[in-house]
file target_20.json (JSON, C-alpha atoms)
[["chain", "number", "residue", "atom", "x", "y", "z"],
["A", 24, "MET", "CA", -61.66, 49.28, 147.95],
["A", 25, "THR", "CA", -62.51, 48.68, 144.30],
["A", 26, "MET", "CA", -65.72, 46.73, 143.74],
["A", 27, "VAL", "CA", -66.06, 44.53, 140.68],
["A", 28, "HIS", "CA", -69.19, 43.84, 138.63],
["A", 29, "LEU", "CA", -67.97, 40.94, 136.49],
["A", 30, "TYR", "CA", -70.13, 39.27, 133.83],
["A", 31, "SER", "CA", -67.42, 36.76, 132.89],
["A", 32, "ASP", "CA", -65.17, 34.37, 134.79],
["A", 33, "SER", "CA", -62.56, 34.34, 132.03],
["A", 34, "VAL", "CA", -61.06, 37.78, 132.73],
["A", 35, "HIS", "CA", -58.58, 38.48, 135.50],
["A", 36, "ILE", "CA", -58.49, 41.98, 136.94],
["A", 37, "PRO", "CA", -55.06, 42.62, 138.52],
["A", 38, "CYS", "CA", -55.03, 43.37, 142.23],
["A", 39, "TRP", "CA", -53.19, 46.63, 141.56],
["A", 40, "VAL", "CA", -56.22, 48.08, 139.73],
["A", 41, "HIS", "CA", -57.73, 50.13, 142.56],
["A", 42, "ASP", "CA", -58.40, 53.63, 141.21],
["A", 43, "LEU", "CA", -58.91, 55.57, 137.99],
["A", 44, "GLU", "CA", -55.20, 55.99, 137.29],
["A", 45, "SER", "CA", -54.40, 52.29, 137.69],
["A", 46, "PHE", "CA", -57.48, 51.31, 135.66],
["A", 47, "ARG", "CA", -56.32, 53.47, 132.76],
["A", 48, "ARG", "CA", -52.84, 51.99, 133.03],
["A", 49, "TRP", "CA", -54.34, 48.50, 132.91],
["A", 50, "MET", "CA", -56.46, 49.37, 129.86],
["A", 51, "HIS", "CA", -53.31, 50.41, 127.97],
["A", 52, "SER", "CA", -51.41, 47.27, 128.96],
["A", 53, "ASP", "CA", -51.24, 43.87, 127.28],
["A", 54, "GLU", "CA", -53.12, 42.41, 130.26],
["A", 55, "SER", "CA", -56.45, 44.06, 129.50],
["A", 56, "PRO", "CA", -59.18, 42.21, 127.53],
["A", 57, "GLU", "CA", -59.30, 42.91, 123.81],
["A", 58, "LYS", "CA", -63.10, 42.88, 123.59],
["A", 59, "GLY", "CA", -66.11, 43.73, 125.69],
["A", 60, "PRO", "CA", -67.29, 46.96, 127.34],
["A", 61, "ILE", "CA", -65.17, 47.73, 130.39],
["A", 62, "PHE", "CA", -65.75, 50.72, 132.69],
["A", 63, "PHE", "CA", -64.31, 52.22, 135.84],
["A", 64, "LEU", "CA", -67.30, 53.81, 137.57],
["A", 65, "ALA", "CA", -66.29, 55.89, 140.59],
["A", 66, "GLY", "CA", -64.43, 53.08, 142.32],
["A", 67, "GLU", "CA", -66.19, 50.14, 140.69],
["A", 68, "VAL", "CA", -64.94, 48.07, 137.76],
["A", 69, "TRP", "CA", -67.78, 46.99, 135.46],
["A", 70, "LEU", "CA", -66.92, 44.41, 132.81],
["A", 71, "ASP", "CA", -69.37, 42.59, 130.55],
["A", 72, "MET", "CA", -68.10, 39.85, 128.24],
["A", 73, "SER", "CA", -71.57, 38.54, 127.34],
["A", 74, "LYS", "CA", -72.40, 38.19, 123.66],
["A", 75, "GLU", "CA", -73.81, 41.28, 121.93],
["A", 76, "GLN", "CA", -77.40, 40.87, 120.73],
["A", 77, "PHE", "CA", -77.63, 41.42, 116.96],
["A", 78, "PHE", "CA", -80.99, 43.13, 116.51],
["A", 79, "SER", "CA", -81.50, 45.09, 119.74],
["A", 80, "HIS", "CA", -77.90, 46.26, 120.10],
["A", 81, "ASN", "CA", -75.44, 45.67, 117.25],
["A", 82, "THR", "CA", -77.55, 46.85, 114.33],
["A", 83, "ILE", "CA", -78.81, 49.87, 116.29],
["A", 84, "LYS", "CA", -75.26, 51.02, 117.01],
["A", 85, "GLN", "CA", -74.44, 50.63, 113.33],
["A", 86, "GLU", "CA", -77.38, 52.84, 112.32],
["A", 87, "PHE", "CA", -76.28, 55.60, 114.70],
["A", 88, "PHE", "CA", -72.68, 55.29, 113.47],
["A", 89, "ARG", "CA", -73.86, 55.56, 109.85],
["A", 90, "VAL", "CA", -76.16, 58.55, 110.28],
["A", 91, "LEU", "CA", -74.20, 60.57, 112.83],
["A", 92, "GLY", "CA", -70.86, 59.76, 111.25],
["A", 93, "GLU", "CA", -72.04, 61.03, 107.87],
["A", 94, "LEU", "CA", -73.64, 64.13, 109.40],
["A", 95, "VAL", "CA", -70.54, 65.06, 111.37],
["A", 96, "LYS", "CA", -68.22, 64.53, 108.42],
["A", 97, "ARG", "CA", -70.42, 66.28, 105.85],
["A", 98, "GLN", "CA", -70.85, 69.39, 108.00],
["A", 99, "ARG", "CA", -67.29, 69.32, 109.39],
["A", 100, "LEU", "CA", -68.57, 69.38, 112.96],
["A", 101, "GLY", "CA", -65.74, 67.42, 114.57],
["A", 102, "ARG", "CA", -65.43, 63.68, 115.10],
["A", 103, "PHE", "CA", -67.92, 60.92, 115.80],
["A", 104, "CYS", "CA", -66.27, 57.98, 117.56],
["A", 105, "PRO", "CA", -67.76, 54.47, 117.33],
["A", 106, "ASP", "CA", -67.48, 52.07, 120.24],
["A", 107, "GLY", "CA", -64.00, 50.86, 121.13],
["A", 108, "MET", "CA", -62.42, 54.22, 121.97],
["A", 109, "LEU", "CA", -61.54, 54.68, 125.63],
["A", 110, "LEU", "CA", -62.96, 57.81, 127.29],
["A", 111, "SER", "CA", -61.71, 59.04, 130.67],
["A", 112, "ASN", "CA", -62.85, 61.92, 132.85],
["A", 113, "GLU", "CA", -61.05, 62.61, 136.12],
["A", 114, "ALA", "CA", -63.73, 64.89, 137.59],
["A", 115, "ALA", "CA", -66.32, 62.10, 137.32],
["A", 116, "ASP", "CA", -63.85, 59.32, 138.28],
["A", 117, "LEU", "CA", -64.91, 57.61, 135.05],
["A", 118, "SER", "CA", -63.22, 55.61, 132.32],
["A", 119, "GLY", "CA", -64.67, 53.25, 129.74],
["A", 120, "ASN", "CA", -65.86, 52.54, 126.22],
["A", 121, "PRO", "CA", -69.17, 54.24, 125.34],
["A", 122, "ASP", "CA", -71.25, 52.80, 122.50],
["A", 123, "GLY", "CA", -70.51, 56.05, 120.67],
["A", 124, "MET", "CA", -69.53, 59.67, 121.28],
["A", 125, "PHE", "CA", -69.25, 62.97, 119.47],
["A", 126, "VAL", "CA", -66.49, 65.53, 120.00],
["A", 127, "SER", "CA", -66.92, 68.91, 118.32],
["A", 128, "THR", "CA", -64.05, 70.78, 116.70],
["A", 129, "GLU", "CA", -64.40, 73.46, 119.38],
["A", 130, "SER", "CA", -64.06, 70.87, 122.15],
["A", 131, "PHE", "CA", -60.80, 69.69, 120.62],
["A", 132, "ARG", "CA", -59.63, 73.26, 120.07],
["A", 133, "SER", "CA", -60.39, 74.35, 123.65],
["A", 134, "GLU", "CA", -58.95, 71.07, 125.01],
["A", 135, "ARG", "CA", -62.18, 70.09, 126.69],
["A", 136, "VAL", "CA", -61.17, 66.80, 125.09],
["A", 137, "ARG", "CA", -57.50, 65.82, 124.83],
["A", 138, "LEU", "CA", -55.93, 63.13, 122.66],
["A", 139, "ILE", "CA", -53.91, 60.64, 124.71],
["A", 140, "GLU", "CA", -51.23, 58.67, 122.89],
["A", 141, "GLY", "CA", -50.16, 55.18, 123.87],
["A", 142, "ALA", "CA", -46.59, 54.00, 124.16],
["A", 143, "GLU", "CA", -46.55, 52.64, 120.60],
["A", 144, "ASP", "CA", -50.03, 52.80, 119.07],
["A", 145, "GLY", "CA", -50.79, 56.46, 118.40],
["A", 146, "VAL", "CA", -53.91, 58.00, 119.99],
["A", 147, "VAL", "CA", -55.60, 55.34, 122.13],
["A", 148, "GLU", "CA", -57.74, 57.41, 124.54],
["A", 149, "LEU", "CA", -59.81, 60.56, 124.78],
["A", 150, "GLU", "CA", -59.62, 62.47, 128.05],
["A", 151, "GLY", "CA", -62.10, 65.11, 129.12],
["A", 152, "THR", "CA", -65.68, 65.99, 128.20],
["A", 153, "PRO", "CA", -67.14, 65.05, 124.81],
["A", 154, "ASP", "CA", -70.24, 66.87, 123.59],
["A", 155, "MET", "CA", -72.41, 63.75, 123.40],
["A", 156, "VAL", "CA", -72.32, 60.07, 124.36],
["A", 157, "LEU", "CA", -74.49, 57.18, 123.16],
["A", 158, "GLU", "CA", -75.42, 54.04, 125.08],
["A", 159, "VAL", "CA", -77.63, 51.21, 123.81],
["A", 160, "VAL", "CA", -79.17, 49.20, 126.65],
["A", 161, "SER", "CA", -78.71, 45.42, 126.80],
["A", 162, "ASP", "CA", -80.02, 42.94, 129.37],
["A", 163, "SER", "CA", -76.78, 43.12, 131.35],
["A", 164, "SER", "CA", -76.34, 46.91, 131.19],
["A", 165, "VAL", "CA", -79.71, 48.23, 132.43],
["A", 166, "GLU", "CA", -78.44, 49.48, 135.78],
["A", 167, "LYS", "CA", -75.13, 50.72, 134.38],
["A", 168, "ASP", "CA", -76.71, 52.74, 131.56],
["A", 169, "ASN", "CA", -79.72, 54.10, 133.44],
["A", 170, "GLU", "CA", -78.10, 54.87, 136.79],
["A", 171, "PHE", "CA", -74.31, 54.72, 137.07],
["A", 172, "LEU", "CA", -73.42, 56.18, 133.68],
["A", 173, "MET", "CA", -76.23, 58.72, 133.72],
["A", 174, "ASN", "CA", -74.90, 60.11, 136.99],
["A", 175, "LEU", "CA", -71.23, 60.03, 135.97],
["A", 176, "TYR", "CA", -71.75, 61.44, 132.47],
["A", 177, "TRP", "CA", -73.62, 64.30, 134.14],
["A", 178, "LYS", "CA", -70.74, 64.85, 136.59],
["A", 179, "ALA", "CA", -68.38, 64.88, 133.60],
["A", 180, "GLY", "CA", -70.39, 67.78, 132.12],
["A", 181, "ILE", "CA", -71.37, 65.97, 128.92],
["A", 182, "ARG", "CA", -74.03, 68.11, 127.23],
["A", 183, "GLU", "CA", -76.18, 65.31, 125.83],
["A", 184, "TYR", "CA", -76.62, 61.66, 126.77],
["A", 185, "TRP", "CA", -78.37, 59.63, 124.06],
["A", 186, "LEU", "CA", -79.99, 56.51, 125.51],
["A", 187, "VAL", "CA", -81.63, 53.78, 123.42],
["A", 188, "ASP", "CA", -83.52, 50.69, 124.56],
["A", 189, "ALA", "CA", -85.06, 48.59, 121.79],
["A", 190, "ARG", "CA", -85.36, 45.27, 123.61],
["A", 191, "GLY", "CA", -89.14, 45.36, 123.91],
["A", 192, "GLU", "CA", -92.08, 46.03, 121.63],
["A", 193, "ARG", "CA", -91.69, 49.78, 122.12],
["A", 194, "ILE", "CA", -88.51, 51.67, 121.22],
["A", 195, "GLU", "CA", -87.19, 53.94, 123.96],
["A", 196, "PHE", "CA", -85.00, 56.67, 122.47],
["A", 197, "GLN", "CA", -84.07, 59.64, 124.63],
["A", 198, "ILE", "CA", -81.86, 62.67, 124.17],
["A", 199, "LEU", "CA", -81.04, 63.71, 127.73],
["A", 200, "ARG", "CA", -79.93, 67.32, 128.19],
["A", 201, "HIS", "CA", -77.44, 68.38, 130.86],
["A", 202, "THR", "CA", -78.90, 70.78, 133.46],
["A", 203, "ALA", "CA", -77.66, 72.07, 136.80],
["A", 204, "ARG", "CA", -79.59, 69.36, 138.68],
["A", 205, "GLY", "CA", -79.13, 66.39, 136.37],
["A", 206, "TYR", "CA", -80.14, 65.14, 132.94],
["A", 207, "VAL", "CA", -83.56, 66.06, 131.61],
["A", 208, "SER", "CA", -85.14, 64.26, 128.66],
["A", 209, "THR", "CA", -85.99, 66.49, 125.70],
["A", 210, "ARG", "CA", -89.69, 66.54, 124.93],
["A", 211, "PRO", "CA", -90.63, 64.44, 121.90],
["A", 212, "SER", "CA", -92.81, 65.83, 119.13],
["A", 213, "GLY", "CA", -94.25, 63.06, 116.99],
["A", 214, "GLY", "CA", -91.36, 60.87, 118.05],
["A", 215, "TRP", "CA", -88.80, 63.53, 117.12],
["A", 216, "ARG", "CA", -86.27, 64.77, 119.68],
["A", 217, "LYS", "CA", -84.21, 67.93, 119.22],
["A", 218, "SER", "CA", -80.46, 68.04, 119.79],
["A", 219, "ALA", "CA", -78.67, 71.26, 120.72],
["A", 220, "VAL", "CA", -75.33, 69.54, 120.15],
["A", 221, "PHE", "CA", -76.13, 68.93, 116.49],
["A", 222, "GLY", "CA", -77.27, 72.46, 115.74],
["A", 223, "GLY", "CA", -80.93, 72.09, 116.64],
["A", 224, "LYS", "CA", -81.56, 69.15, 114.30],
["A", 225, "SER", "CA", -84.22, 66.67, 115.35],
["A", 226, "PHE", "CA", -83.88, 62.88, 115.34],
["A", 227, "ARG", "CA", -86.31, 59.98, 115.36],
["A", 228, "LEU", "CA", -85.61, 56.25, 115.63],
["A", 229, "THR", "CA", -88.10, 54.02, 113.81],
["A", 230, "ARG", "CA", -88.42, 50.29, 113.33],
["A", 231, "GLU", "CA", -89.79, 48.30, 110.41],
["A", 232, "PHE", "CA", -89.44, 44.62, 109.55],
["A", 233, "ASP", "CA", -87.61, 43.15, 106.58],
["A", 234, "ASP", "CA", -88.79, 40.33, 104.29],
["A", 235, "LEU", "CA", -87.57, 37.77, 106.83],
["A", 236, "GLY", "CA", -89.49, 39.38, 109.65],
["A", 237, "HIS", "CA", -86.38, 40.80, 111.32],
["A", 238, "PRO", "CA", -86.38, 44.32, 112.80],
["A", 239, "ASP", "CA", -84.75, 47.05, 110.73],
["A", 240, "PHE", "CA", -84.01, 50.36, 112.48],
["A", 241, "THR", "CA", -83.72, 53.79, 110.84],
["A", 242, "LEU", "CA", -82.43, 56.99, 112.47],
["A", 243, "GLU", "CA", -84.17, 59.89, 110.73],
["A", 244, "VAL", "CA", -82.87, 63.47, 110.77],
["A", 245, "LYS", "CA", -84.56, 66.77, 109.99]]

call {"tool": "encode", "arguments": {"input": "target_20.json", "output": "C-alpha cells"}}
result
Amino acid sequence: MTMVHLYSDSVHIPCWVHDLESFRRWMHSDESPEKGPIFFLAGEVWLDMSKEQFFSHNTIKQEFFRVLGELVKRQRLGRFCPDGMLLSNEAADLSGNPDGMFVSTESFRSERVRLIEGAEDGVVELEGTPDMVLEVVSDSSVEKDNEFLMNLYWKAGIREYWLVDARGERIEFQILRHTARGYVSTRPSGGWRKSAVFGGKSFRLTREFDDLGHPDFTLEVK
C-alpha cells in the first residue's frame, strides 16, 4: 500500500497511483501538480507544496546552477539540470525532482541515463543513474533529504550526493561519495571538498552579507 507524506491539502493523489510505474504515469498526466517537489520513495509518495524560503533555499540553488552550469558547459562535460526535471530509477524504486543533477556525456553515451519523451512535449524525464544529485535542505525536507533520498540515491548508484543545509548560523555543505556500504562524506580541507565527478576539482560554499544585511552565498571552485 502506498503511503503518502503530504504537506498540502490542495493536491489530490489519484487512488490508482500505487507503484513507481503509476507514479510516473501520473507525473506525465494533466492531473499532476505543476509546482512543488514531488517524489516516489520506495512505495511512499512525498509531496511538499510549502513556500520555498528565499535565502536558505532559492538563492543557494541559483548559485549552484550558475557555477556548475557554467563549468559543465565550458568544459563540455555533459549536462547540468536545474530543478524541475523528473528523474526515475527503477532499481531504487525512486522518482522525483532533485534540486539539481549532473549527467556526464559518457553517462548519456553508455545509456546509464536515458532521455524519456512525453506524448507531446519532447524530453520530459531522465531515467537511470546521473553522476551527481544536489539537494538543499528546507524545514519540511530534513528527513527526506538526510534519510530517504540518501538511501535511495545510493541504491541508484549515483556517484556523488551533494547536500546543503544553510538554515542555521553554520553552513553544512557535504559532497557524499558512493561506496559499497553507503555514502561517505569527503573530508574537508579548509572548507574545501573534492569532487571526483568534476575531475578532482574542489568546491567551497561561503556566506557573506550584503548592504541590507541579507545573506549572499558563493560557490567557489579550484

call {"tool": "atom_distance", "arguments": {"input": "target_20.json", "atom1": "CA of Gln197 in chain A", "atom2": "CA of Lys217 in chain A"}}
result
9.9 Å

call {"tool": "closest_residue", "arguments": {"input": "target_20.json", "among": "A:Asp162, A:Glu86, A:Glu170, A:Asp106", "to": "Gly191 in chain A", "atoms": "only C-alpha atoms"}}
result
A:Asp162

call {"tool": "residues_around", "arguments": {"input": "target_20.json", "residues": "Val159 in chain A", "least_positions_apart": "4", "cutoff": "9 Å", "atoms": "all atoms listed in the file", "output": "PyMOL selection string"}}
result
chain A and resi 79-81+83-84+122+164+168+185-189

call {"tool": "closest_residue", "arguments": {"input": "target_20.json", "among": "A:Val40, A:Val156, A:Val136, A:Ala203", "to": "Pro121 in chain A", "atoms": "all atoms listed in the file"}}
result
A:Val156

call {"tool": "atom_distance", "arguments": {"input": "target_20.json", "atom1": "CA of Met72 in chain A", "atom2": "CA of Phe87 in chain A"}}
result
22.3 Å

call {"tool": "residues_around", "arguments": {"input": "target_20.json", "residues": "Arg102 in chain A", "least_positions_apart": "3", "cutoff": "8 Å", "atoms": "only C-alpha atoms", "output": "number ranges by chain"}}
result
A: 92, 95-96, 125-128

call {"tool": "residues_around", "arguments": {"input": "target_20.json", "residues": "Gly223 in chain A", "least_positions_apart": "4", "cutoff": "12 Å", "atoms": "all atoms listed in the file", "output": "PyMOL selection string"}}
result
chain A and resi 209+215-219+244-245

call {"tool": "residues_around", "arguments": {"input": "target_20.json", "residues": "range 61-70 of chain A", "least_positions_apart": "4", "cutoff": "12 Å", "atoms": "all atoms listed in the file", "output": "short mmCIF file (atom, residue, chain, number, x, y, z; two decimals) with C-alpha atoms, in the coordinates of the input"}}
result
data_model
loop_
_atom_site.label_atom_id
_atom_site.label_comp_id
_atom_site.auth_asym_id
_atom_site.auth_seq_id
_atom_site.Cartn_x
_atom_site.Cartn_y
_atom_site.Cartn_z
CA MET A 24 -61.66 49.28 147.95
CA THR A 25 -62.51 48.68 144.30
CA MET A 26 -65.72 46.73 143.74
CA VAL A 27 -66.06 44.53 140.68
CA HIS A 28 -69.19 43.84 138.63
CA LEU A 29 -67.97 40.94 136.49
CA TYR A 30 -70.13 39.27 133.83
CA SER A 31 -67.42 36.76 132.89
CA ASP A 32 -65.17 34.37 134.79
CA SER A 33 -62.56 34.34 132.03
CA VAL A 34 -61.06 37.78 132.73
CA HIS A 35 -58.58 38.48 135.50
CA ILE A 36 -58.49 41.98 136.94
CA PRO A 37 -55.06 42.62 138.52
CA CYS A 38 -55.03 43.37 142.23
CA VAL A 40 -56.22 48.08 139.73
CA HIS A 41 -57.73 50.13 142.56
CA ASP A 42 -58.40 53.63 141.21
CA LEU A 43 -58.91 55.57 137.99
CA GLU A 44 -55.20 55.99 137.29
CA SER A 45 -54.40 52.29 137.69
CA PHE A 46 -57.48 51.31 135.66
CA ARG A 47 -56.32 53.47 132.76
CA ARG A 48 -52.84 51.99 133.03
CA TRP A 49 -54.34 48.50 132.91
CA MET A 50 -56.46 49.37 129.86
CA SER A 55 -56.45 44.06 129.50
CA PRO A 56 -59.18 42.21 127.53
CA GLU A 57 -59.30 42.91 123.81
CA ASP A 106 -67.48 52.07 120.24
CA GLY A 107 -64.00 50.86 121.13
CA MET A 108 -62.42 54.22 121.97
CA LEU A 109 -61.54 54.68 125.63
CA LEU A 110 -62.96 57.81 127.29
CA SER A 111 -61.71 59.04 130.67
CA ASN A 112 -62.85 61.92 132.85
CA GLU A 113 -61.05 62.61 136.12
CA ALA A 114 -63.73 64.89 137.59
CA ALA A 115 -66.32 62.10 137.32
CA ASP A 116 -63.85 59.32 138.28
CA LEU A 117 -64.91 57.61 135.05
CA SER A 118 -63.22 55.61 132.32
CA GLY A 119 -64.67 53.25 129.74
CA ASN A 120 -65.86 52.54 126.22
CA PRO A 121 -69.17 54.24 125.34
CA ASP A 122 -71.25 52.80 122.50
CA SER A 163 -76.78 43.12 131.35
CA SER A 164 -76.34 46.91 131.19
CA GLU A 166 -78.44 49.48 135.78
CA LYS A 167 -75.13 50.72 134.38
CA ASP A 168 -76.71 52.74 131.56
CA GLU A 170 -78.10 54.87 136.79
CA PHE A 171 -74.31 54.72 137.07
CA LEU A 172 -73.42 56.18 133.68
CA MET A 173 -76.23 58.72 133.72
CA ASN A 174 -74.90 60.11 136.99
CA LEU A 175 -71.23 60.03 135.97
CA TYR A 176 -71.75 61.44 132.47
CA LYS A 178 -70.74 64.85 136.59
CA ALA A 179 -68.38 64.88 133.60
#

call {"tool": "residues_around", "arguments": {"input": "target_20.json", "residues": "range 232-239 of chain A", "least_positions_apart": "2", "cutoff": "9 Å", "atoms": "all atoms listed in the file", "output": "MDAnalysis selection string"}}
result
chainID A and resid 78:79 82:83 229:230 241

call {"tool": "write_last_selection", "arguments": {"input": "target_20.json", "atoms": "C-alpha atoms", "output": "mmCIF file, in the coordinates of the input"}}
result
data_model
loop_
_atom_site.group_PDB
_atom_site.id
_atom_site.type_symbol
_atom_site.label_atom_id
_atom_site.label_comp_id
_atom_site.auth_asym_id
_atom_site.auth_seq_id
_atom_site.Cartn_x
_atom_site.Cartn_y
_atom_site.Cartn_z
ATOM 1 C CA PHE A 78 -80.990 43.130 116.510
ATOM 2 C CA SER A 79 -81.500 45.090 119.740
ATOM 3 C CA THR A 82 -77.550 46.850 114.330
ATOM 4 C CA ILE A 83 -78.810 49.870 116.290
ATOM 5 C CA THR A 229 -88.100 54.020 113.810
ATOM 6 C CA ARG A 230 -88.420 50.290 113.330
ATOM 7 C CA THR A 241 -83.720 53.790 110.840
#

call {"tool": "closest_residue", "arguments": {"input": "target_20.json", "among": "A:Cys104, A:Val90, A:Glu129, A:Val207", "to": "Val147 in chain A", "atoms": "all atoms listed in the file"}}
result
A:Cys104
